[in-house]
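First up is the structure itself, then whatever we jot down about it.
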Amino acid sequence: MSCDHCHDREAVVHLTQIVNEQVTTLHLCEHCAAAKGVDSPAVSKTPLGSFLAAMGETLPAQVPAPRSSEACPRCGASFQDFRESGRLGCPDCYRAFEAPLRELLRRLHNSTHHMGERYATQQTSSPELRQAAAALREQLRVAIETENFELAAELRDRLRVVE
Amino acid sequence: MIDLSLLADGGVGWLDASGPHSHLVLSTRIRLARNLADHVFQGRNSEVEREAILEAVERVARDTVLLRQATKIRLDRLDRTDRQFLHERHLVSKELAGLDGEGGARSGAALLIQDRIGVMLNEEDHLRIQGLNSGFDLEGAYGLVDRLDTELGQRLAFAFHPEFGYLTSCPTNVGTGLRASVLIHLPGLVLTKEITKVLQGLAQVGLTFRGLYGEGSEVVGNFFQLSNQTTLGSSEQELLDHLGTMVRRVMDYEEQARQVLLRDAPAVMEDKVWRAYGLLRYARSLSFEEAMNLLSGVRLGVGVNLIPGLGMYTLNKLLVYTQPAHLASAEGVSPTEPDLSIRRARFVREVLDSEVKRRG
């Protein structure tokens, strides 16, 4: 099917509009669709991606959507990355993009509040583990002071396990 | 070929048709999505990080009751046939098995499994804790999964947000991270053309359906996986109760549809199921899809007592062992072997013949 606008390229965007109770469908190529400001579905790699692309059109104005250049301070993922892949970069993305995500969760789940089991953080560690952690922290401090970063990284990993 | 001899029943215990309502429901699966707080999500992590996650989880898993004796299967070290084999056995997802493209499984993709419970590692989320039970058994499957979640959660730091709950790579799983799926056989609703209405009804109450192999798979042999769509805003028990209530309703509709068929078109029904049996018993070439559809007909016939003397377990076994990678592994050929359809027909004939002889 060729594009309704340029009658040349292949139509890839099929825009259905309802005007005065009349349903019309416009078939556009990627180029003409972009010129008319219609998002091409090709940017969405996942079903959630298409959902997000569609949502972008109707996202209420009061939701402070982050600028696509704003990135999660921990993993560097942007909200645009999420829109395209449908996947977040790290647990901290939920804080970095909290406002638009809250809006999305409301649409996906009809709620933003977890009502299930609470995660009890790790049990109080044994005295031996606490001692081991203290020793590792001291070694880590020395390693950082002496700029032995390779050792510091290893100690940090071991500390995480103990803690 | 991959050695599954260490697993109880080779990991297909869920097929034994011992669970409740097993003439309609093949299996009940529950999974919980979990991520480690101190690692970025799978899409942004490196090979080294995925190894670290695998190592960290495996280490603590050995201290748990439920995974102490777990078998570790590294998908990234298996060839395509073995990965497909595990997927056909419903032990790993298509994503973990890396069956979407030619690239294979991602590095660090692994399965820890003991009896009917396991953890997929480095899937879309760091951990996918999963339990698979025979028949319709939401409580039984959840009981195990919940216990393993607690055991692992005491030893690992999971990513958790006070408002949003368990954090997942995709926001569609956030909150409880729970997806419960019931694999159900609905030929009566398909034949009476009621199925569309039923599936639409399910969508309206927040449930969704998928095909035989879960996400992104086609419906074959009238098998549907019914599952909860949302994971946030309800407790685990509420999600399970809601799905349970709806599945029971669907089972009632299916039974009613079968009664309508038997009442209004008994001769057509009888011909249909015996014709399916006849083809399976004597055909010399069967594609996978044809075999699935015929098995669906025979299963219906057994379910409404038109075909006597055939066990659900035999039918379930045929369902699994006629799949391409299973058949290819048993026959020692490639799943793309041109005469696989001939081998499939021979296999089905042999199983049905021995069943007939056994029952005298």
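Ligands are numbered from 1 in the order shown, residues from 1 within each chain, and chains are lettered A, B, ... in the order they appear in the structure tokens.
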Interface, chain A side, toward chain B (9 Å; only C-alpha atoms) as number ranges by chain: A: 48, 74-75, 77, 86-92, 94, 101-102, 104-105, 108-123, 160-161
Per-residue DSSP, stretch 69-312 of chain B, filtered to helix (DSSP H, G or I), as a ChimeraX atom specification: /B:75-77,80-88,94-97,138-153,171-173,187-191,195-204,236-264,266-282,288-303,312
Coordinates-based distance that separates atom CA of B:Gly303 from atom CA of B:Arg281 (Å, one decimal):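 Atom CA of B:Gly303 lies 18.3 Å from atom CA of B:Arg281.
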Pick from B:Leu112, B:Val190, B:Leu306, B:Leu144, whichever lies nearest to B:Ile30 using only C-alpha atoms: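 Result for the nearest residue to B:Ile30: B:Leu144.
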DSSP strand (DSSP E or B) residues within stretch 222-315 of chain B, as a PyMOL selection string: chain B and resi 223-228
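As for atom CA of B:Leu24 and atom CA of B:Ile129, they are spaced 25.4 Å apart.
Put simply, atom CA of A:Arg137 is 24.6 Å away from atom CA of B:Leu54.
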Stretch 333-346 of chain B environment, 12 Å, only C-alpha atoms, sequence neighbours closer than 2 positions dropped, as number ranges by chain: B: 1, 79-85, 278-292, 294, 318-331, 348-353
Once you have the residues from the selection above, write them out as a tab-separated table (two decimals), in the first residue's frame, restricted to C-alpha atoms.
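Below you can see again_16.tsv, which holds the result:
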chain	number	residue	atom	x	y	z
B	1	MET	CA	22.50	-34.34	24.75
B	79	ASP	CA	23.54	-25.96	21.88
B	80	ARG	CA	20.28	-24.84	20.37
B	81	THR	CA	18.58	-28.25	20.48
B	82	ASP	CA	19.23	-28.63	24.21
B	83	ARG	CA	18.01	-25.10	24.90
B	84	GLN	CA	14.88	-25.73	22.87
B	85	PHE	CA	14.44	-29.04	24.72
B	278	GLY	CA	-7.56	-43.05	14.09
B	279	LEU	CA	-5.19	-40.59	12.46
B	280	LEU	CA	-2.82	-40.64	15.41
B	281	ARG	CA	-2.91	-44.42	15.53
B	282	TYR	CA	-2.26	-45.03	11.83
B	283	ALA	CA	-0.84	-41.91	10.17
B	284	ARG	CA	2.62	-42.28	8.59
B	285	SER	CA	3.58	-38.60	8.80
B	286	LEU	CA	2.56	-35.99	11.35
B	287	SER	CA	3.66	-32.38	11.63
B	288	PHE	CA	3.94	-31.01	15.18
B	289	GLU	CA	0.91	-28.79	14.76
B	290	GLU	CA	-1.21	-31.59	13.31
B	291	ALA	CA	-0.18	-33.88	16.15
B	292	MET	CA	-1.15	-31.21	18.70
B	294	LEU	CA	-5.25	-34.46	16.94
B	318	LEU	CA	2.75	-37.51	23.85
B	319	LEU	CA	2.24	-33.76	24.00
B	320	VAL	CA	5.74	-33.21	25.33
B	321	TYR	CA	7.68	-35.94	23.54
B	322	THR	CA	6.37	-35.16	20.06
B	323	GLN	CA	7.78	-31.63	20.19
B	324	PRO	CA	10.65	-31.06	17.74
B	325	ALA	CA	13.63	-30.95	20.15
B	326	HIS	CA	12.32	-33.84	22.27
B	327	LEU	CA	11.71	-36.02	19.27
B	328	ALA	CA	15.01	-35.07	17.69
B	329	SER	CA	16.93	-35.79	20.91
B	330	ALA	CA	15.25	-39.18	21.35
B	331	GLU	CA	15.94	-40.09	17.72
B	348	VAL	CA	2.93	-41.82	18.34
B	349	ARG	CA	1.90	-45.17	16.81
B	350	GLU	CA	4.28	-47.06	19.08
B	351	VAL	CA	3.06	-45.31	22.23
B	352	LEU	CA	-0.62	-45.87	21.37
B	353	ASP	CA	0.01	-49.48	20.34
Among the residues B:Glu139, B:Asp115, B:Glu255, B:Asp76, the one that comes closest to B:Leu91 [using only C-alpha atoms]: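 Answer, going by the shortest atom-to-atom distance: B:Asp115.
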